[in-house]
Structures are given as C-alpha cells and as structure tokens.
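Coordinates as given in data.cif (mmCIF, C-alpha atoms):
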```cif
data_data
#
loop_
_atom_site.group_PDB
_atom_site.id
_atom_site.type_symbol
_atom_site.label_atom_id
_atom_site.label_comp_id
_atom_site.auth_asym_id
_atom_site.auth_seq_id
_atom_site.Cartn_x
_atom_site.Cartn_y
_atom_site.Cartn_z
ATOM 1 C CA MET B 696 40.390 -23.960 -72.761
ATOM 2 C CA GLU B 697 43.993 -24.146 -71.552
ATOM 3 C CA THR B 698 46.798 -22.473 -73.484
ATOM 4 C CA ILE B 699 50.356 -23.790 -73.603
ATOM 5 C CA LYS B 700 53.184 -21.918 -75.329
ATOM 6 C CA ILE B 701 56.443 -23.722 -76.118
ATOM 7 C CA GLN B 702 59.763 -22.855 -77.713
ATOM 8 C CA ILE B 703 61.498 -25.586 -79.688
ATOM 9 C CA ASN B 704 65.106 -25.614 -80.880
ATOM 10 C CA HIS B 705 65.346 -28.035 -83.818
ATOM 11 C CA LYS B 706 67.585 -28.927 -86.757
ATOM 12 C CA GLN B 707 64.954 -29.388 -89.459
ATOM 13 C CA PRO B 708 61.586 -27.739 -90.155
ATOM 14 C CA LEU B 709 58.544 -28.713 -88.073
ATOM 15 C CA THR B 710 55.134 -28.906 -89.709
ATOM 16 C CA LEU B 711 51.652 -28.525 -88.300
ATOM 17 C CA ASN B 712 50.770 -32.010 -89.513
ATOM 18 C CA ILE B 713 53.647 -33.623 -87.589
ATOM 19 C CA LEU B 714 52.654 -31.991 -84.296
ATOM 20 C CA ALA B 715 48.921 -32.489 -84.764
ATOM 21 C CA THR B 716 49.451 -36.170 -85.576
ATOM 22 C CA ILE B 717 51.376 -36.651 -82.316
ATOM 23 C CA LEU B 718 48.559 -35.066 -80.296
ATOM 24 C CA TYR B 719 45.971 -37.007 -82.311
ATOM 25 C CA ASP B 720 47.698 -40.247 -81.323
ATOM 26 C CA GLU B 721 47.450 -39.133 -77.694
ATOM 27 C CA ILE B 722 43.799 -38.058 -77.530
ATOM 28 C CA GLY B 723 42.105 -38.435 -80.949
ATOM 29 C CA GLU B 724 40.306 -41.739 -80.528
ATOM 30 C CA GLU B 725 39.647 -41.316 -76.800
ATOM 31 C CA TYR B 726 37.809 -38.015 -77.292
ATOM 32 C CA ASP B 727 36.465 -38.697 -80.805
ATOM 33 C CA LEU B 728 38.481 -35.923 -82.448
ATOM 34 C CA SER B 729 39.617 -35.753 -86.067
ATOM 35 C CA LEU B 730 43.125 -34.778 -87.140
ATOM 36 C CA GLU B 731 41.687 -31.633 -88.753
ATOM 37 C CA GLU B 732 40.063 -30.594 -85.439
ATOM 38 C CA ILE B 733 43.326 -31.113 -83.574
ATOM 39 C CA GLU B 734 45.260 -29.071 -86.156
ATOM 40 C CA GLU B 735 43.092 -26.108 -85.177
ATOM 41 C CA TYR B 736 44.490 -26.307 -81.640
ATOM 42 C CA PHE B 737 47.921 -25.157 -82.875
ATOM 43 C CA THR B 738 49.159 -21.668 -83.781
ATOM 44 C CA PHE B 739 52.687 -21.130 -85.078
ATOM 45 C CA LEU B 740 53.843 -17.761 -83.730
ATOM 46 C CA SER B 741 57.343 -17.639 -85.217
ATOM 47 C CA SER B 742 60.099 -19.756 -86.737
ATOM 48 C CA ILE B 743 63.607 -18.286 -86.960
ATOM 49 C CA LEU B 744 66.838 -19.668 -88.392
ATOM 50 C CA LEU B 745 69.739 -19.172 -85.971
ATOM 51 C CA PRO B 746 73.402 -18.517 -86.919
ATOM 52 C CA ASN B 747 74.234 -22.159 -86.086
ATOM 53 C CA GLU B 748 71.787 -23.314 -88.804
ATOM 54 C CA THR B 749 69.206 -24.595 -86.304
ATOM 55 C CA PHE B 750 65.687 -23.240 -85.881
ATOM 56 C CA ILE B 751 63.793 -21.702 -82.974
ATOM 57 C CA THR B 752 60.061 -22.205 -83.348
ATOM 58 C CA VAL B 753 57.548 -20.697 -80.932
ATOM 59 C CA LEU B 754 54.079 -22.170 -81.034
ATOM 60 C CA GLU B 755 50.946 -22.092 -78.971
ATOM 61 C CA PHE B 756 48.397 -24.821 -78.622
ATOM 62 C CA ASN B 757 45.013 -24.597 -76.979
ATOM 63 C CA ILE B 758 43.486 -27.690 -75.474
ATOM 64 C CA PRO B 759 39.761 -27.588 -74.665
ATOM 65 C CA GLU B 760 38.474 -28.934 -71.383
ATOM 66 C CA LEU B 761 38.448 -32.543 -72.506
ATOM 67 C CA VAL B 762 38.914 -33.916 -69.001
ATOM 68 C CA THR B 763 37.645 -32.811 -65.629
ATOM 69 C CA ARG B 764 40.781 -33.514 -63.618
ATOM 70 C CA GLU B 765 43.692 -31.096 -63.867
ATOM 71 C CA THR B 766 46.189 -33.950 -63.438
ATOM 72 C CA SER B 767 44.775 -35.724 -66.511
ATOM 73 C CA LEU B 768 45.117 -32.624 -68.688
ATOM 74 C CA LYS B 769 48.625 -32.054 -67.362
ATOM 75 C CA SER B 770 49.544 -35.650 -68.192
ATOM 76 C CA ILE B 771 48.275 -35.171 -71.780
ATOM 77 C CA ILE B 772 50.482 -32.102 -72.189
ATOM 78 C CA PHE B 773 53.609 -33.746 -70.789
ATOM 79 C CA SER B 774 53.045 -36.889 -72.840
ATOM 80 C CA PHE B 775 52.734 -34.734 -75.970
ATOM 81 C CA LEU B 776 55.916 -32.782 -75.173
ATOM 82 C CA GLN B 777 57.846 -36.000 -74.515
ATOM 83 C CA SER B 778 56.731 -37.390 -77.884
ATOM 84 C CA VAL B 779 57.812 -34.190 -79.673
ATOM 85 C CA GLU B 780 61.145 -34.345 -77.858
ATOM 86 C CA ASN B 781 61.727 -37.825 -79.326
ATOM 87 C CA LEU B 782 61.406 -36.563 -82.914
ATOM 88 C CA GLU B 783 64.580 -36.644 -84.968
ATOM 89 C CA GLY B 784 66.380 -33.310 -84.988
ATOM 90 C CA ILE B 785 64.829 -31.925 -81.793
ATOM 91 C CA ILE B 786 67.493 -30.283 -79.618
ATOM 92 C CA SER B 787 65.393 -28.864 -76.785
ATOM 93 C CA ILE B 788 61.841 -27.972 -75.786
ATOM 94 C CA THR B 789 60.959 -25.285 -73.240
ATOM 95 C CA LYS B 790 57.482 -24.537 -71.936
ATOM 96 C CA VAL B 791 57.336 -20.738 -71.691
ATOM 97 C CA ASN B 792 53.697 -20.243 -70.742
ATOM 98 C CA ASP B 793 51.093 -22.505 -69.197
ATOM 99 C CA THR B 794 47.628 -21.402 -68.072
ATOM 100 C CA ILE B 795 47.200 -24.560 -65.981
ATOM 101 C CA LEU B 796 50.260 -23.562 -63.956
ATOM 102 C CA GLN B 797 49.055 -19.962 -63.794
ATOM 103 C CA GLU B 798 45.709 -21.010 -62.343
ATOM 104 C CA LYS B 799 47.373 -23.161 -59.693
ATOM 105 C CA ALA B 800 49.820 -20.341 -58.898
ATOM 106 C CA PHE B 801 46.979 -17.846 -58.377
ATOM 107 C CA GLU B 802 45.392 -20.172 -55.808
ATOM 108 C CA PHE B 803 48.568 -20.249 -53.740
ATOM 109 C CA TYR B 804 49.336 -16.576 -54.331
ATOM 110 C CA LYS B 805 46.295 -15.410 -52.353
ATOM 111 C CA ILE B 806 47.221 -17.657 -49.416
ATOM 112 C CA ILE B 807 50.863 -16.529 -49.490
ATOM 113 C CA ILE B 808 49.929 -12.832 -49.615
ATOM 114 C CA ASP B 809 47.600 -13.145 -46.602
ATOM 115 C CA LEU B 810 50.207 -15.069 -44.602
ATOM 116 C CA GLU B 811 52.992 -12.609 -45.423
ATOM 117 C CA MET B 812 50.847 -9.673 -44.345
ATOM 118 C CA ASP B 813 49.890 -11.449 -41.117
ATOM 119 C CA MET B 814 53.539 -12.246 -40.341
ATOM 120 C CA ARG B 815 54.631 -8.685 -41.054
ATOM 121 C CA ASN B 816 51.858 -7.485 -38.788
ATOM 122 C CA VAL B 817 53.187 -9.587 -35.906
ATOM 123 C CA LEU B 818 56.827 -8.666 -36.557
ATOM 124 C CA THR B 819 55.989 -4.953 -36.698
ATOM 125 C CA TYR B 820 54.265 -5.254 -33.326
ATOM 126 C CA ILE B 821 57.210 -7.156 -31.817
ATOM 127 C CA ILE B 822 59.758 -4.608 -33.038
ATOM 128 C CA THR B 823 57.623 -1.706 -31.813
ATOM 129 C CA TYR B 824 57.079 -3.455 -28.454
ATOM 130 C CA SER B 825 60.860 -3.598 -28.030
ATOM 131 C CA ASN B 826 60.984 0.164 -28.644
ATOM 132 C CA LYS B 827 62.749 -0.157 -31.972
ATOM 133 C CA THR B 828 62.228 1.348 -35.418
ATOM 134 C CA ILE B 829 62.177 -0.577 -38.676
ATOM 135 C CA ASN B 830 65.218 1.007 -40.269
ATOM 136 C CA GLU B 831 68.746 0.403 -41.524
ATOM 137 C CA GLU B 832 70.204 0.027 -38.031
ATOM 138 C CA LEU B 833 67.637 -2.606 -37.057
ATOM 139 C CA PHE B 834 68.440 -4.764 -40.073
ATOM 140 C CA LYS B 835 72.184 -4.388 -39.471
ATOM 141 C CA ASN B 836 71.774 -5.398 -35.823
ATOM 142 C CA PHE B 837 70.230 -8.700 -36.897
ATOM 143 C CA GLY B 838 72.505 -9.282 -39.898
ATOM 144 C CA ILE B 839 69.708 -8.863 -42.449
ATOM 145 C CA ASP B 840 70.393 -7.876 -46.052
ATOM 146 C CA LYS B 841 67.718 -5.817 -47.753
ATOM 147 C CA SER B 842 66.277 -6.956 -51.077
ATOM 148 C CA GLU B 843 66.526 -3.406 -52.430
ATOM 149 C CA LYS B 844 67.253 0.162 -51.373
ATOM 150 C CA LEU B 845 65.033 1.406 -48.583
ATOM 151 C CA GLU B 846 63.570 4.868 -49.179
ATOM 152 C CA TYR B 847 62.265 5.947 -45.771
ATOM 153 C CA SER B 848 60.583 9.113 -47.064
ATOM 154 C CA HIS B 849 58.652 7.027 -49.597
ATOM 155 C CA MET B 850 57.735 4.480 -46.918
ATOM 156 C CA LYS B 851 56.363 7.216 -44.690
ATOM 157 C CA GLU B 852 54.367 8.839 -47.463
ATOM 158 C CA GLN B 853 52.860 5.515 -48.556
ATOM 159 C CA TYR B 854 52.444 4.099 -45.013
ATOM 160 C CA GLU B 855 54.560 1.149 -46.115
ATOM 161 C CA ASN B 856 56.126 -1.460 -43.890
ATOM 162 C CA GLY B 857 59.921 -1.725 -43.939
ATOM 163 C CA PHE B 858 59.600 -5.509 -43.889
ATOM 164 C CA PHE B 859 58.517 -5.240 -47.539
ATOM 165 C CA TYR B 860 62.187 -4.626 -48.317
ATOM 166 C CA ILE B 861 63.782 -7.710 -46.782
ATOM 167 C CA TYR B 862 63.921 -11.251 -48.096
ATOM 168 C CA PHE B 863 61.219 -13.723 -47.094
ATOM 169 C CA ASN B 864 63.676 -16.063 -45.344
ATOM 170 C CA HIS B 865 64.806 -13.213 -43.072
ATOM 171 C CA TYR B 866 61.468 -13.003 -41.253
ATOM 172 C CA ALA B 867 62.846 -15.483 -38.729
ATOM 173 C CA SER B 868 66.181 -13.667 -38.240
ATOM 174 C CA PHE B 869 65.117 -11.503 -35.298
ATOM 175 C CA THR B 870 65.768 -14.062 -32.549
ATOM 176 C CA GLN B 871 69.310 -12.892 -31.802
ATOM 177 C CA ALA B 872 71.276 -9.764 -32.631
ATOM 178 C CA GLN B 873 74.583 -10.133 -34.422
ATOM 179 C CA LYS B 874 77.815 -10.081 -32.423
ATOM 180 C CA LEU B 875 79.450 -6.687 -32.478
ATOM 181 C CA LYS B 876 82.901 -5.985 -33.804
ATOM 182 C CA ALA B 877 85.436 -4.184 -31.614
ATOM 183 C CA ASP B 878 85.122 -0.880 -33.502
ATOM 184 C CA LYS B 879 81.352 -0.789 -32.914
ATOM 185 C CA ILE B 880 81.809 -1.432 -29.177
ATOM 186 C CA ALA B 881 84.372 1.402 -29.113
ATOM 187 C CA GLU B 882 81.758 3.604 -30.796
ATOM 188 C CA PHE B 883 79.247 2.760 -28.064
ATOM 189 C CA LEU B 884 81.816 3.616 -25.367
ATOM 190 C CA GLN B 885 82.147 7.102 -26.830
ATOM 191 C CA GLU B 886 78.419 7.832 -26.663
ATOM 192 C CA PRO B 887 77.380 10.629 -24.262
ATOM 193 C CA GLY B 888 76.397 9.274 -20.849
ATOM 194 C CA MET B 889 78.206 5.946 -21.277
ATOM 195 C CA SER B 890 79.809 6.228 -17.841
ATOM 196 C CA SER B 891 79.667 2.667 -16.503
ATOM 197 C CA PHE B 892 79.932 -0.963 -17.527
ATOM 198 C CA GLU B 893 76.280 -1.462 -16.555
ATOM 199 C CA ARG B 894 75.187 1.181 -19.028
ATOM 200 C CA LEU B 895 77.291 -0.415 -21.742
ATOM 201 C CA LYS B 896 75.766 -3.798 -20.922
ATOM 202 C CA ASN B 897 72.251 -2.340 -21.181
ATOM 203 C CA ARG B 898 73.158 -0.655 -24.477
ATOM 204 C CA LEU B 899 74.354 -3.957 -25.919
ATOM 205 C CA ASN B 900 71.332 -5.894 -24.638
ATOM 206 C CA ASP B 901 69.033 -3.268 -26.095
ATOM 207 C CA ARG B 902 70.076 -4.302 -29.597
ATOM 208 C CA GLY B 903 67.958 -7.474 -29.311
ATOM 209 C CA LEU B 904 64.294 -8.107 -28.525
ATOM 210 C CA LYS B 905 63.068 -7.594 -24.981
ATOM 211 C CA GLU B 906 60.577 -10.433 -24.498
ATOM 212 C CA ASP B 907 61.392 -14.144 -24.531
ATOM 213 C CA ARG B 908 57.855 -14.952 -25.686
ATOM 214 C CA HIS B 909 58.407 -12.853 -28.806
ATOM 215 C CA ILE B 910 61.706 -14.579 -29.522
ATOM 216 C CA ASP B 911 59.987 -17.955 -28.999
ATOM 217 C CA PHE B 912 57.270 -17.042 -31.515
ATOM 218 C CA ILE B 913 59.802 -16.073 -34.181
ATOM 219 C CA ALA B 914 61.711 -19.308 -33.530
ATOM 220 C CA SER B 915 58.452 -21.295 -33.865
ATOM 221 C CA ILE B 916 57.779 -20.030 -37.403
ATOM 222 C CA LYS B 917 61.335 -20.597 -38.654
ATOM 223 C CA THR B 918 60.778 -24.170 -39.892
ATOM 224 C CA LYS B 919 57.420 -23.140 -41.405
ATOM 225 C CA LEU B 920 58.944 -20.504 -43.670
ATOM 226 C CA ARG B 921 60.981 -22.807 -45.901
ATOM 227 C CA PRO B 922 57.946 -24.634 -47.439
ATOM 228 C CA LEU B 923 56.201 -21.266 -47.834
ATOM 229 C CA GLU B 924 59.236 -19.764 -49.520
ATOM 230 C CA LYS B 925 59.512 -22.709 -51.904
ATOM 231 C CA ILE B 926 55.917 -22.232 -53.089
ATOM 232 C CA ARG B 927 56.419 -18.461 -53.189
ATOM 233 C CA ASN B 928 59.526 -18.753 -55.379
ATOM 234 C CA SER B 929 57.824 -21.262 -57.671
ATOM 235 C CA ILE B 930 54.940 -18.851 -58.163
ATOM 236 C CA MET B 931 57.062 -15.762 -58.745
ATOM 237 C CA HIS B 932 59.307 -17.575 -61.238
ATOM 238 C CA ILE B 933 56.431 -19.535 -62.860
ATOM 239 C CA ARG B 934 57.955 -22.917 -62.057
ATOM 240 C CA ASN B 935 56.092 -26.199 -61.870
ATOM 241 C CA ILE B 936 54.911 -27.044 -58.342
ATOM 242 C CA SER B 937 55.458 -30.660 -57.323
ATOM 243 C CA ASP B 938 53.009 -32.648 -55.193
ATOM 244 C CA THR B 939 55.659 -32.878 -52.452
ATOM 245 C CA THR B 940 56.077 -29.100 -52.417
ATOM 246 C CA VAL B 941 52.311 -28.684 -52.102
ATOM 247 C CA ARG B 942 52.090 -31.211 -49.237
ATOM 248 C CA ASN B 943 54.927 -29.527 -47.325
ATOM 249 C CA PHE B 944 53.262 -26.157 -47.835
ATOM 250 C CA GLU B 945 49.922 -27.398 -46.519
ATOM 251 C CA MET B 946 51.594 -28.956 -43.468
ATOM 252 C CA ALA B 947 53.372 -25.662 -42.726
ATOM 253 C CA VAL B 948 50.210 -23.580 -43.062
ATOM 254 C CA GLU B 949 47.574 -25.775 -41.410
ATOM 255 C CA ASP B 950 47.635 -27.815 -38.179
ATOM 256 C CA ASN B 951 48.953 -31.334 -38.550
ATOM 257 C CA GLY B 952 48.152 -33.382 -35.474
ATOM 258 C CA VAL B 953 50.058 -31.921 -32.533
ATOM 259 C CA ASN B 954 52.121 -29.713 -34.877
ATOM 260 C CA LYS B 955 50.532 -26.302 -35.235
ATOM 261 C CA GLY B 956 50.506 -24.598 -38.612
ATOM 262 C CA ILE B 957 51.617 -21.017 -39.048
ATOM 263 C CA LYS B 958 48.007 -19.774 -39.136
ATOM 264 C CA THR B 959 47.391 -21.151 -35.629
ATOM 265 C CA LEU B 960 50.767 -19.914 -34.366
ATOM 266 C CA ILE B 961 49.884 -16.369 -35.435
ATOM 267 C CA SER B 962 46.403 -16.598 -33.931
ATOM 268 C CA ASP B 963 47.809 -17.979 -30.666
ATOM 269 C CA PHE B 964 50.362 -15.170 -30.555
ATOM 270 C CA TRP B 965 47.713 -12.447 -30.633
ATOM 271 C CA ASN B 966 45.482 -14.248 -28.137
ATOM 272 C CA ASN B 967 48.418 -14.654 -25.773
ATOM 273 C CA GLU B 968 49.468 -11.007 -26.071
ATOM 274 C CA ASN B 969 45.930 -9.803 -25.404
ATOM 275 C CA GLU B 970 45.634 -12.072 -22.372
ATOM 276 C CA ILE B 971 48.973 -11.000 -20.886
ATOM 277 C CA LEU B 972 48.483 -7.277 -21.441
ATOM 278 C CA LYS B 973 44.724 -6.798 -21.133
ATOM 279 C CA GLN B 974 44.890 -5.779 -17.461
ATOM 280 C CA LYS B 975 47.616 -3.182 -18.052
ATOM 281 C CA THR B 976 45.809 -1.939 -21.141
ATOM 282 C CA PHE B 977 42.515 -1.597 -19.271
ATOM 283 C CA MET B 978 44.144 0.242 -16.350
ATOM 284 C CA LYS B 979 45.942 2.666 -18.677
ATOM 285 C CA LEU B 980 42.799 3.420 -20.661
ATOM 286 C CA ALA B 981 40.854 3.909 -17.422
ATOM 287 C CA GLU B 982 43.565 6.245 -16.124
ATOM 288 C CA ILE B 983 43.440 8.331 -19.293
ATOM 289 C CA GLU B 984 39.633 8.505 -19.138
ATOM 290 C CA ILE B 985 39.677 9.624 -15.481
ATOM 291 C CA ARG B 986 42.250 12.322 -16.278
ATOM 292 C CA ASN B 987 40.047 13.568 -19.125
ATOM 293 C CA VAL B 988 37.027 13.734 -16.797
ATOM 294 C CA PHE B 989 38.924 15.772 -14.186
ATOM 295 C CA LYS B 990 40.330 18.011 -16.925
ATOM 296 C CA GLU B 991 36.792 18.777 -18.136
ATOM 297 C CA ILE B 992 35.720 19.549 -14.540
ATOM 298 C CA ASP B 993 38.662 21.945 -14.062
ATOM 299 C CA GLU B 994 37.903 23.690 -17.374
ATOM 300 C CA ASN B 995 34.269 24.198 -16.320
#
```

Any chance you could put this one into structure tokens?
Amino acid sequence: METIKIQINHKQPLTLNILATILYDEIGEEYDLSLEEIEEYFTFLSSILLPNETFITVLEFNIPELVTRETSLKSIIFSFLQSVENLEGIISITKVNDTILQEKAFEFYKIIIDLEMDMRNVLTYIITYSNKTINEELFKNFGIDKSEKLEYSHMKEQYENGFFYIYFNHYASFTQAQKLKADKIAEFLQEPGMSSFERLKNRLNDRGLKEDRHIDFIASIKTKLRPLEKIRNSIMHIRNISDTTVRNFEMAVEDNGVNKGIKTLISDFWNNENEILKQKTFMKLAEIEIRNVFKEIDEN
C-alpha cells in the first residue's frame, strides 16, 4: 500500500465524502470498489483556520496495490490531485510525502552513494599522487568553496575524507589551479630558499596536479556529473524525478555506444594506473624485500 500525504489551502471546509467521491470516480468501477471502501483510504490529520480566514487541511490517503505498474498508480494520484484542485475554493495543493517517490529515490540513492565513494577514492589517489594534502590550502588553490566547516582533528579521528566537505559539482574542479593574486606571489617570493625565478616557477606549478592523465580523467567526468547531481538533488530534497532526468542519469552512469559512462571511466582509470606503474611498484617492493633479507642476515 502506498501512502500519500497532502496539504490543502482552501476557502471552505472539505469533507471526506467529497474527496472519496472524486477518487471513486477515478478508480471505483475499474477496480470494483465501493464509495465506503474508498472512504477508508483517507485519514484527516488536521484542519486549521488561518488568520486570513482560509483553511489548511493535512490529510493522508493510502492506496492499495491496485495496479502493477508504478506509472499507472502515479497517474491515478496525479489525476486525483488535479480533480481536487479544480474544486471551488481550492487555493493550493502540495504533496508533502509520497512513498512511491521515496521508493524510487532509494533505488537511485544506493547507486549515487557507490559512485560518489568511487569518485572520492580516485580523487584522493590523484591528490596524494601529486604530493598534496586534502586541506584548506588545496581547496583554495583550486577555487573550491567548502559546503561546511572542515574539522581536521575530527576527520583524522574518524578516518574521514576531506572531499566529504565540498560540493558535488566541485569534484571536477581540480583540472587547473586558480590564478594567483599579486599579494600571494609576493608571499611566495618571501619564502625561505626562494632564490631564483626557476624555484618560483616550480613553486607556482606545484599548486596544480602533476600528471596530464589525471587531469584528463577529471575532465572526462565533468559532463557526467551534472546528470548525477540533478538526481542527487532531487533525492535529497524529495522532488519528483522526471523521465528525462532518469534517462540522462543512466546515460552518464552506463556506457552509451562509443560514449563511456562514469563507471567505465573509473574502472579504466585504475586499470591504466596499474599498467603504467606496475613495473615501478614491483621493483620497489622487490628492493624492499631484498633489503629486509640482507638485514636479517646481518642481524644473525
């Protein structure tokens, strides 16, 4: 059974019979329901007279699983609300809760959470690869505003990722560092050891990422983030999700012909990194193992 809660602003009292009759006209004959049975679907939660002499009524109605397709049930609900809206004295109707929407949102929520974690995983690696720390300076370098105050002691204690504290649309902002103002350049010039133009140049270049392939990856996900963000915002604010929004989301997540989805882009990134660095990684691990063997020999 699906539950819908609505708030109605109206000029004259609403009765159970009026609302039940509207829904009966929509589904009564088709599903062999009596008016009395349909009246049981409705629960009036409150009705309050406002200072402007209009009413706010909050009511809940529960519709059993009369149809198998979600779109059919949704169409019944919207048809009912449109009919109520056409009643004399109705000022506005707002749907404040909807279990059909909740169920759909939960489906997308799991996908969004997994994708966000995977993207943060890649970005954390890229930032660490470039010998940088996820902190205030990093976000300032790339012109990124935080969503809330960043408590580094709390992050460390909870093993949290600093990317949890930036906005979703900023995940693709690490392709190029912001241009520096004159006072910041002057600050760099006063740093100990800043004795040549070459050192200053290296200091400025060090503000950005080191590897072109990492910059290319971040650029490749930029157009994919907007459809993800639209679904994400709809879920978090409990908004209706249009068919177009769903299609754009699916095209951003999954492969679409020659256009790779974000899942494949992330998978390709890790495969590429492993391929490029496997030889160096193997040699370093072998070197460490050999040193450990000789250390054990010396100790014995």

Around all of segment 787-795 of chain B's listed atoms, make the axis-aligned box with 6 Å on each side and tell me centre and edge lengths in Å to one decimal, as lines of an AutoDock Vina configuration file.
```
center_x = 56.3
center_y = -24.6
center_z = -71.4
size_x = 30.2
size_y = 20.6
size_z = 22.8
```

| remark: Among B:Thr738, B:Asn781, B:Ser868, B:Thr794, Thr698 of chain B is approached most closely, using all atoms listed in the file, by B:Thr794

| field | Reference answer for the PyMOL selection byres ((chain B and resi 869) around 10), as a VMD selection string | value | chain B and resid 818 821 to 822 833 to 834 836 to 839 865 to 868 870 to 873 903 to 904 909 to 910 913 to 914

| atom CA of Tyr804 of chain B to atom CA of Ser962 of chain B, distance in Å rounded to a single decimal | 20.6 Å

Can you turn the PyMOL selection byres ((chain B and resi 956-961) around 12) into a concrete residue list for this file, as a PDB file with C-alpha atoms, keeping the file's coordinate frame?
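Result file expr.pdb:
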```pdb
ATOM      1  CA  ILE B 806      47.221 -17.657 -49.416  1.00  0.00           C
ATOM      2  CA  ILE B 807      50.863 -16.529 -49.490  1.00  0.00           C
ATOM      3  CA  ASP B 809      47.600 -13.145 -46.602  1.00  0.00           C
ATOM      4  CA  LEU B 810      50.207 -15.069 -44.602  1.00  0.00           C
ATOM      5  CA  GLU B 811      52.992 -12.609 -45.423  1.00  0.00           C
ATOM      6  CA  MET B 812      50.847  -9.673 -44.345  1.00  0.00           C
ATOM      7  CA  ASP B 813      49.890 -11.449 -41.117  1.00  0.00           C
ATOM      8  CA  MET B 814      53.539 -12.246 -40.341  1.00  0.00           C
ATOM      9  CA  ARG B 815      54.631  -8.685 -41.054  1.00  0.00           C
ATOM     10  CA  ASN B 816      51.858  -7.485 -38.788  1.00  0.00           C
ATOM     11  CA  VAL B 817      53.187  -9.587 -35.906  1.00  0.00           C
ATOM     12  CA  LEU B 818      56.827  -8.666 -36.557  1.00  0.00           C
ATOM     13  CA  HIS B 909      58.407 -12.853 -28.806  1.00  0.00           C
ATOM     14  CA  ASP B 911      59.987 -17.955 -28.999  1.00  0.00           C
ATOM     15  CA  PHE B 912      57.270 -17.042 -31.515  1.00  0.00           C
ATOM     16  CA  ILE B 913      59.802 -16.073 -34.181  1.00  0.00           C
ATOM     17  CA  ALA B 914      61.711 -19.308 -33.530  1.00  0.00           C
ATOM     18  CA  SER B 915      58.452 -21.295 -33.865  1.00  0.00           C
ATOM     19  CA  ILE B 916      57.779 -20.030 -37.403  1.00  0.00           C
ATOM     20  CA  LYS B 917      61.335 -20.597 -38.654  1.00  0.00           C
ATOM     21  CA  THR B 918      60.778 -24.170 -39.892  1.00  0.00           C
ATOM     22  CA  LYS B 919      57.420 -23.140 -41.405  1.00  0.00           C
ATOM     23  CA  LEU B 920      58.944 -20.504 -43.670  1.00  0.00           C
ATOM     24  CA  ARG B 921      60.981 -22.807 -45.901  1.00  0.00           C
ATOM     25  CA  PRO B 922      57.946 -24.634 -47.439  1.00  0.00           C
ATOM     26  CA  LEU B 923      56.201 -21.266 -47.834  1.00  0.00           C
ATOM     27  CA  ASN B 943      54.927 -29.527 -47.325  1.00  0.00           C
ATOM     28  CA  PHE B 944      53.262 -26.157 -47.835  1.00  0.00           C
ATOM     29  CA  GLU B 945      49.922 -27.398 -46.519  1.00  0.00           C
ATOM     30  CA  MET B 946      51.594 -28.956 -43.468  1.00  0.00           C
ATOM     31  CA  ALA B 947      53.372 -25.662 -42.726  1.00  0.00           C
ATOM     32  CA  VAL B 948      50.210 -23.580 -43.062  1.00  0.00           C
ATOM     33  CA  GLU B 949      47.574 -25.775 -41.410  1.00  0.00           C
ATOM     34  CA  ASP B 950      47.635 -27.815 -38.179  1.00  0.00           C
ATOM     35  CA  ASN B 951      48.953 -31.334 -38.550  1.00  0.00           C
ATOM     36  CA  GLY B 952      48.152 -33.382 -35.474  1.00  0.00           C
ATOM     37  CA  VAL B 953      50.058 -31.921 -32.533  1.00  0.00           C
ATOM     38  CA  ASN B 954      52.121 -29.713 -34.877  1.00  0.00           C
ATOM     39  CA  LYS B 955      50.532 -26.302 -35.235  1.00  0.00           C
ATOM     40  CA  SER B 962      46.403 -16.598 -33.931  1.00  0.00           C
ATOM     41  CA  ASP B 963      47.809 -17.979 -30.666  1.00  0.00           C
ATOM     42  CA  PHE B 964      50.362 -15.170 -30.555  1.00  0.00           C
ATOM     43  CA  TRP B 965      47.713 -12.447 -30.633  1.00  0.00           C
ATOM     44  CA  ASN B 966      45.482 -14.248 -28.137  1.00  0.00           C
ATOM     45  CA  ASN B 967      48.418 -14.654 -25.773  1.00  0.00           C
ATOM     46  CA  GLU B 968      49.468 -11.007 -26.071  1.00  0.00           C
TER      47      GLU B 968
END
```

| Selected by the PyMOL selection byres ((chain B and resi 787) around 8) in the shown coordinates: which residues, as a ChimeraX atom specification? | /B:703-705,780,785-786,788-789

Those same residues, written as a PDB file, keeping the file's coordinate frame with C-alpha atoms?
```pdb
ATOM      1  CA  ILE B 703      61.498 -25.586 -79.688  1.00  0.00           C
ATOM      2  CA  ASN B 704      65.106 -25.614 -80.880  1.00  0.00           C
ATOM      3  CA  HIS B 705      65.346 -28.035 -83.818  1.00  0.00           C
ATOM      4  CA  GLU B 780      61.145 -34.345 -77.858  1.00  0.00           C
ATOM      5  CA  ILE B 785      64.829 -31.925 -81.793  1.00  0.00           C
ATOM      6  CA  ILE B 786      67.493 -30.283 -79.618  1.00  0.00           C
ATOM      7  CA  ILE B 788      61.841 -27.972 -75.786  1.00  0.00           C
ATOM      8  CA  THR B 789      60.959 -25.285 -73.240  1.00  0.00           C
TER       9      THR B 789
END
```

| request: State, in Å with one decimal place, the distance from atom CA of Leu754 of chain B to atom CA of Lys790 of chain B. | output: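 One can read the atom CA of Leu754 of chain B to atom CA of Lys790 of chain B distance as 10.0 Å.
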
| message | Just want the 12 Å neighbourhood of Gly723 of chain B, counted on all atoms listed in the file, with same-chain residues fewer than 5 positions away dropped. Output as a ChimeraX atom specification. | response | /B:715-718,728-734,761,771

| task | Could you check how far atom CA of Tyr726 of chain B sits from atom CA of Ser767 of chain B, in Å to one decimal? | result |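 Computing it gives 13.0 Å between the two atoms.
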
| request: For each of B:Arg942, B:Asn830, B:Val988, B:Ile713, take the minimum atom-to-atom distance to Ser848 of chain B, counting all atoms listed in the file, then give the residue where this is smallest. | output: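 Closest residue, counting all atoms listed in the file: B:Asn830.
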
| request: Kindly provide, as a ChimeraX atom specification, the polymer residues lying within 7 Å of (45.8, -25.9, -76.8), counting only C-alpha atoms and using the coordinates exactly as they appear in the file. | output: /B:697-699,736-737,755-759

| Which neighbours of Met931 of chain B fall inside 12 Å, counting all atoms listed in the file, when residues of the same chain fewer than 6 positions from it are skipped, and could you give them as a PyMOL selection string? | chain B and resi 796-797+800-801+803-804+807-808+924-925

Selection file, C-alpha atoms, as a short mmCIF file (atom, residue, chain, number, x, y, z; two decimals), in the coordinates of the input:
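Listing of result.cif after writing:
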```cif
data_model
loop_
_atom_site.label_atom_id
_atom_site.label_comp_id
_atom_site.auth_asym_id
_atom_site.auth_seq_id
_atom_site.Cartn_x
_atom_site.Cartn_y
_atom_site.Cartn_z
CA LEU B 796 50.26 -23.56 -63.96
CA GLN B 797 49.06 -19.96 -63.79
CA ALA B 800 49.82 -20.34 -58.90
CA PHE B 801 46.98 -17.85 -58.38
CA PHE B 803 48.57 -20.25 -53.74
CA TYR B 804 49.34 -16.58 -54.33
CA ILE B 807 50.86 -16.53 -49.49
CA ILE B 808 49.93 -12.83 -49.62
CA GLU B 924 59.24 -19.76 -49.52
CA LYS B 925 59.51 -22.71 -51.90
#
```

| field | Lys851 of chain B environment, 12 Å, only C-alpha atoms, sequence neighbours closer than 6 positions dropped, as a VMD selection string | value | chain B and resid 829 to 830 845 857
